[in-house]
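What follows is structure-v1.csv (CSV, C-alpha atoms).
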chain,number,residue,atom,x,y,z
V,1,MET,CA,142.3,1.3,9.7
V,2,ARG,CA,138.6,0.4,9.7
V,3,LEU,CA,136.5,0.5,12.8
V,4,SER,CA,135.1,-2.9,13.9
V,5,LYS,CA,131.4,-3.2,13.6
V,6,HIS,CA,131.1,-3.1,17.3
V,7,ALA,CA,133.2,0.1,17.6
V,8,GLU,CA,131.2,1.7,14.8
V,9,GLN,CA,128.0,0.8,16.7
V,10,LEU,CA,129.3,2.2,20.0
V,11,VAL,CA,130.3,5.5,18.3
V,12,THR,CA,127.0,5.8,16.4
V,13,GLU,CA,124.9,5.1,19.5
V,14,PHE,CA,127.0,7.6,21.6
V,15,LEU,CA,126.4,10.3,19.0
V,16,VAL,CA,122.7,9.6,18.7
V,17,ASP,CA,122.4,9.8,22.5
V,18,PHE,CA,124.6,12.9,22.7
V,19,PHE,CA,122.5,14.8,20.2
V,20,LYS,CA,119.3,13.6,21.6
V,21,ALA,CA,120.2,15.3,24.9
V,22,LEU,CA,120.6,18.5,22.9
V,23,ASP,CA,117.2,18.0,21.2
V,24,GLU,CA,118.8,17.3,17.9
V,25,ASN,CA,118.2,14.4,15.5
V,26,PRO,CA,121.0,14.6,12.9
V,27,GLU,CA,122.0,12.1,10.3
V,28,ILE,CA,125.3,10.4,11.2
V,29,GLN,CA,127.3,8.9,8.3
V,30,VAL,CA,130.3,6.7,8.9
V,31,ALA,CA,132.8,6.6,5.9
V,32,TYR,CA,136.5,6.2,5.3
V,33,THR,CA,138.9,8.8,3.8
V,34,ASP,CA,142.3,7.5,3.0
V,35,GLY,CA,141.5,4.4,5.0
V,36,ASP,CA,140.8,6.4,8.2
V,37,PRO,CA,137.3,6.6,9.9
V,38,TYR,CA,135.4,9.7,9.1
V,39,ILE,CA,132.0,10.6,10.6
V,40,ASN,CA,130.0,13.4,9.0
V,41,ILE,CA,127.0,14.8,11.0
V,42,THR,CA,124.4,16.6,9.0
V,43,GLY,CA,121.0,18.1,9.8
V,44,LEU,CA,121.9,20.0,13.0
V,45,THR,CA,119.7,23.0,13.7
V,46,GLY,CA,122.5,24.6,15.7
V,47,ASN,CA,125.6,23.5,13.8
V,48,GLY,CA,127.2,26.9,14.3
V,49,THR,CA,128.0,25.8,17.8
V,50,PHE,CA,130.3,23.2,16.5
V,51,LEU,CA,131.8,25.3,13.7
V,52,THR,CA,133.3,28.2,15.6
V,53,ARG,CA,136.6,29.5,14.1
V,54,ASP,CA,138.7,27.6,16.7
V,55,GLN,CA,136.6,24.5,16.4
V,56,MET,CA,136.8,23.9,20.2
V,57,CYS,CA,133.4,22.1,20.4
V,58,LEU,CA,134.0,20.0,17.4
V,59,SER,CA,137.5,19.1,18.6
V,60,ALA,CA,136.1,18.2,22.1
V,61,LEU,CA,133.4,16.0,20.5
V,62,GLN,CA,136.0,14.3,18.3
V,63,HIS,CA,138.2,13.6,21.3
V,64,ILE,CA,135.2,12.0,23.1
V,65,VAL,CA,134.3,10.0,20.0
V,66,ASN,CA,137.8,8.6,19.9
V,67,VAL,CA,137.7,7.6,23.5
V,68,VAL,CA,134.4,5.7,22.8
V,69,ALA,CA,135.9,4.1,19.6
V,70,HIS,CA,139.0,2.9,21.5
V,71,LYS,CA,136.8,1.2,24.1
V,72,ASP,CA,136.6,-1.7,21.6
V,73,ARG,CA,140.2,-2.9,21.6
V,74,GLU,CA,139.5,-5.0,18.4
V,75,GLY,CA,138.5,-2.0,16.4
V,76,ALA,CA,140.8,0.7,17.7
V,77,PRO,CA,141.7,2.8,14.7
V,78,GLY,CA,144.2,5.6,14.6
V,79,ILE,CA,142.0,8.7,14.8
V,80,VAL,CA,138.4,9.1,14.0
V,81,THR,CA,137.6,12.4,12.3
V,82,VAL,CA,134.3,14.0,13.3
V,83,ASP,CA,132.9,16.6,10.9
V,84,VAL,CA,129.7,18.7,10.7
V,85,ASP,CA,128.2,19.3,7.3
V,86,GLY,CA,131.5,18.5,5.6
V,87,TYR,CA,133.2,21.5,7.0
V,88,VAL,CA,136.4,19.7,8.1
V,89,MET,CA,136.6,18.0,4.7
V,90,ARG,CA,136.3,21.3,2.8
V,91,GLN,CA,139.0,22.8,5.0
V,92,ARG,CA,141.3,19.8,4.3
V,93,GLU,CA,140.8,20.2,0.6
V,94,MET,CA,141.4,24.0,0.8
V,95,LEU,CA,144.7,23.3,2.6
V,96,LYS,CA,145.7,20.6,0.0
V,97,ARG,CA,145.1,23.2,-2.8
V,98,MET,CA,147.1,25.8,-0.9
V,99,ALA,CA,150.0,23.3,-0.6
V,100,ILE,CA,150.0,22.4,-4.3
V,101,ASP,CA,149.7,26.1,-5.3
V,102,ALA,CA,152.7,26.9,-3.1
V,103,ALA,CA,154.7,24.0,-4.6
V,104,LEU,CA,153.9,25.2,-8.1
V,105,ARG,CA,155.0,28.8,-7.1
V,106,VAL,CA,158.2,27.5,-5.7
V,107,LYS,CA,159.0,25.6,-8.9
V,108,ARG,CA,158.1,28.6,-11.0
V,109,GLU,CA,159.9,31.3,-9.0
V,110,LYS,CA,162.8,29.1,-7.7
V,111,GLN,CA,162.2,30.7,-4.3
V,112,SER,CA,160.9,29.3,-1.0
V,113,VAL,CA,157.4,30.1,0.0
V,114,MET,CA,156.4,30.8,3.6
V,115,LEU,CA,152.8,30.0,4.4
V,116,GLN,CA,150.6,31.7,6.9
V,117,PRO,CA,150.8,30.6,10.6
V,118,MET,CA,148.5,27.6,11.1
V,119,SER,CA,147.6,24.9,13.6
V,120,ALA,CA,149.6,21.7,13.9
V,121,LYS,CA,146.8,19.8,12.3
V,122,ALA,CA,146.7,22.1,9.3
V,123,ARG,CA,150.5,22.0,9.0
V,124,ARG,CA,150.4,18.2,9.0
V,125,ILE,CA,148.0,18.3,6.0
V,126,ILE,CA,150.4,20.6,4.1
V,127,HIS,CA,153.4,18.3,4.9
V,128,MET,CA,151.5,15.1,3.9
V,129,THR,CA,150.2,16.6,0.7
V,130,LEU,CA,153.7,17.6,-0.5
V,131,LYS,CA,155.7,14.7,1.0
V,132,ASP,CA,155.9,12.9,-2.4
V,133,TYR,CA,155.8,16.0,-4.6
V,134,PRO,CA,158.8,15.8,-6.9
V,135,GLY,CA,161.5,18.4,-6.3
V,136,ILE,CA,159.7,19.9,-3.2
V,137,THR,CA,160.4,19.6,0.5
V,138,THR,CA,158.7,21.2,3.5
V,139,HIS,CA,159.5,22.0,7.1
V,140,SER,CA,158.0,24.1,9.9
V,141,GLU,CA,159.5,27.1,11.5
V,142,GLY,CA,158.6,29.3,14.5
V,143,ARG,CA,156.8,28.8,17.7
V,144,ASP,CA,153.0,28.3,18.2
V,145,PRO,CA,150.8,30.1,17.5
V,146,GLN,CA,153.1,31.7,14.8
V,147,ARG,CA,154.5,28.4,13.5
V,148,ARG,CA,154.3,28.1,9.8
V,149,VAL,CA,155.3,25.8,6.9
V,150,ILE,CA,158.1,26.6,4.5
V,151,VAL,CA,157.9,25.1,1.0
V,152,GLU,CA,161.1,24.9,-0.9
V,153,LEU,CA,163.0,23.2,-3.7
V,154,THR,CA,164.7,20.0,-2.7
V,155,ARG,CA,168.5,20.6,-2.4
The structure in this file should be written as structure tokens.
Amino acid sequence: MRLSKHAEQLVTEFLVDFFKALDENPEIQVAYTDGDPYINITGLTGNGTFLTRDQMCLSALQHIVNVVAHKDREGAPGIVTVDVDGYVMRQREMLKRMAIDAALRVKREKQSVMLQPMSAKARRIIHMTLKDYPGITTHSEGRDPQRRVIVELTR
């Protein structure tokens, strides 16, 4: 779902003010991936702060951006993804490739494949990538933080 012009303006102004307070002046690009709002922030001098392994800062910023976006009831989308220098998008593409590689391996070897433990967000990308893949089904097993996706042949 697209952001309304007003919601897009609210989010952009919030991010400009947020980064101005950090003495940063990044470029903020609003786009849409698979119909969902996607904001890519480029040109940060301290982008490592937002790209730690657990992505806590980036996740917190994304949460705040979603609160701001939902202030405009007219343009309340599902979830706005916030990215820094395309990092999240590269991670998403890597997970999609991993899913397809696992599906091909399952078809070739006729055995289930258990993927490494991953976050709920990463598991969702795997499941969504393979949901319409012919002859393949997925499910998750285990408890967080050791929860993982199992890719197998459809029965």
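All polymer residues at most 10 Å from (125.3, 17.2, 6.2), using only C-alpha atoms, appear as V:Pro26, V:Glu27, V:Ile28, V:Gln29, V:Asn40, V:Ile41, V:Thr42, V:Gly43, V:Leu44, V:Asn47, V:Asp83, V:Val84, V:Asp85, V:Gly86, V:Tyr87.
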Taking (163.6, 24.2, -3.9) in the coordinates of the supplied file, I want to know which residues reach to within 7 Å of it, counting all atoms listed in the file; could you give the answer as a CSV table (one decimal) with C-alpha atoms, in the frame of the given file?
chain,number,residue,atom,x,y,z
V,106,VAL,CA,158.2,27.5,-5.7
V,107,LYS,CA,159.0,25.6,-8.9
V,110,LYS,CA,162.8,29.1,-7.7
V,111,GLN,CA,162.2,30.7,-4.3
V,112,SER,CA,160.9,29.3,-1.0
V,135,GLY,CA,161.5,18.4,-6.3
V,136,ILE,CA,159.7,19.9,-3.2
V,152,GLU,CA,161.1,24.9,-0.9
V,153,LEU,CA,163.0,23.2,-3.7
V,154,THR,CA,164.7,20.0,-2.7
V,155,ARG,CA,168.5,20.6,-2.4
Which residues are near Val82 in chain V? Cut-off 12 Å, all atoms listed in the file, ignore same chain within fewer than 3 positions. Put them as an MDAnalysis selection string.
chainID V and resid 11:12 15 28:33 36:42 50:51 55 57:66 69 79 85:89
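Going from CA of Val67 in chain V to CA of Asp34 in chain V covers 21.0 Å.
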Under the rule that all atoms listed in the file are counted, which of V:His70, V:Met1, V:Met114, V:Asp101 is the nearest residue to Val149 in chain V?
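Closest candidate: V:Met114.
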Kindly indicate which residue among V:Arg90, V:Ala122, V:Lys71, V:Gly142 lies nearest to Gln9 in chain V, using all atoms listed in the file for the distances.
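Of V:Arg90, V:Ala122, V:Lys71, V:Gly142, the one nearest Gln9 in chain V is V:Lys71, counting all atoms listed in the file.
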CA of Thr81 in chain V to CA of Asn25 in chain V measures 19.8 Å
Å distance separating CA of Tyr133 in chain V from CA of Ala103 in chain V, one decimal place
8.1 Å
Which residue is closest to Thr129 in chain V? Choose from V:Glu24, V:Glu93, V:Glu109, V:Asp144 and count all atoms listed in the file.
V:Glu93
Compare V:Pro117, V:Met56, V:Met98, V:Glu8 by their minimum atom-to-atom distance to Pro145 in chain V, counting only C-alpha atoms, and give me the closest one.
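Under the stated criterion, the closest residue is V:Pro117.
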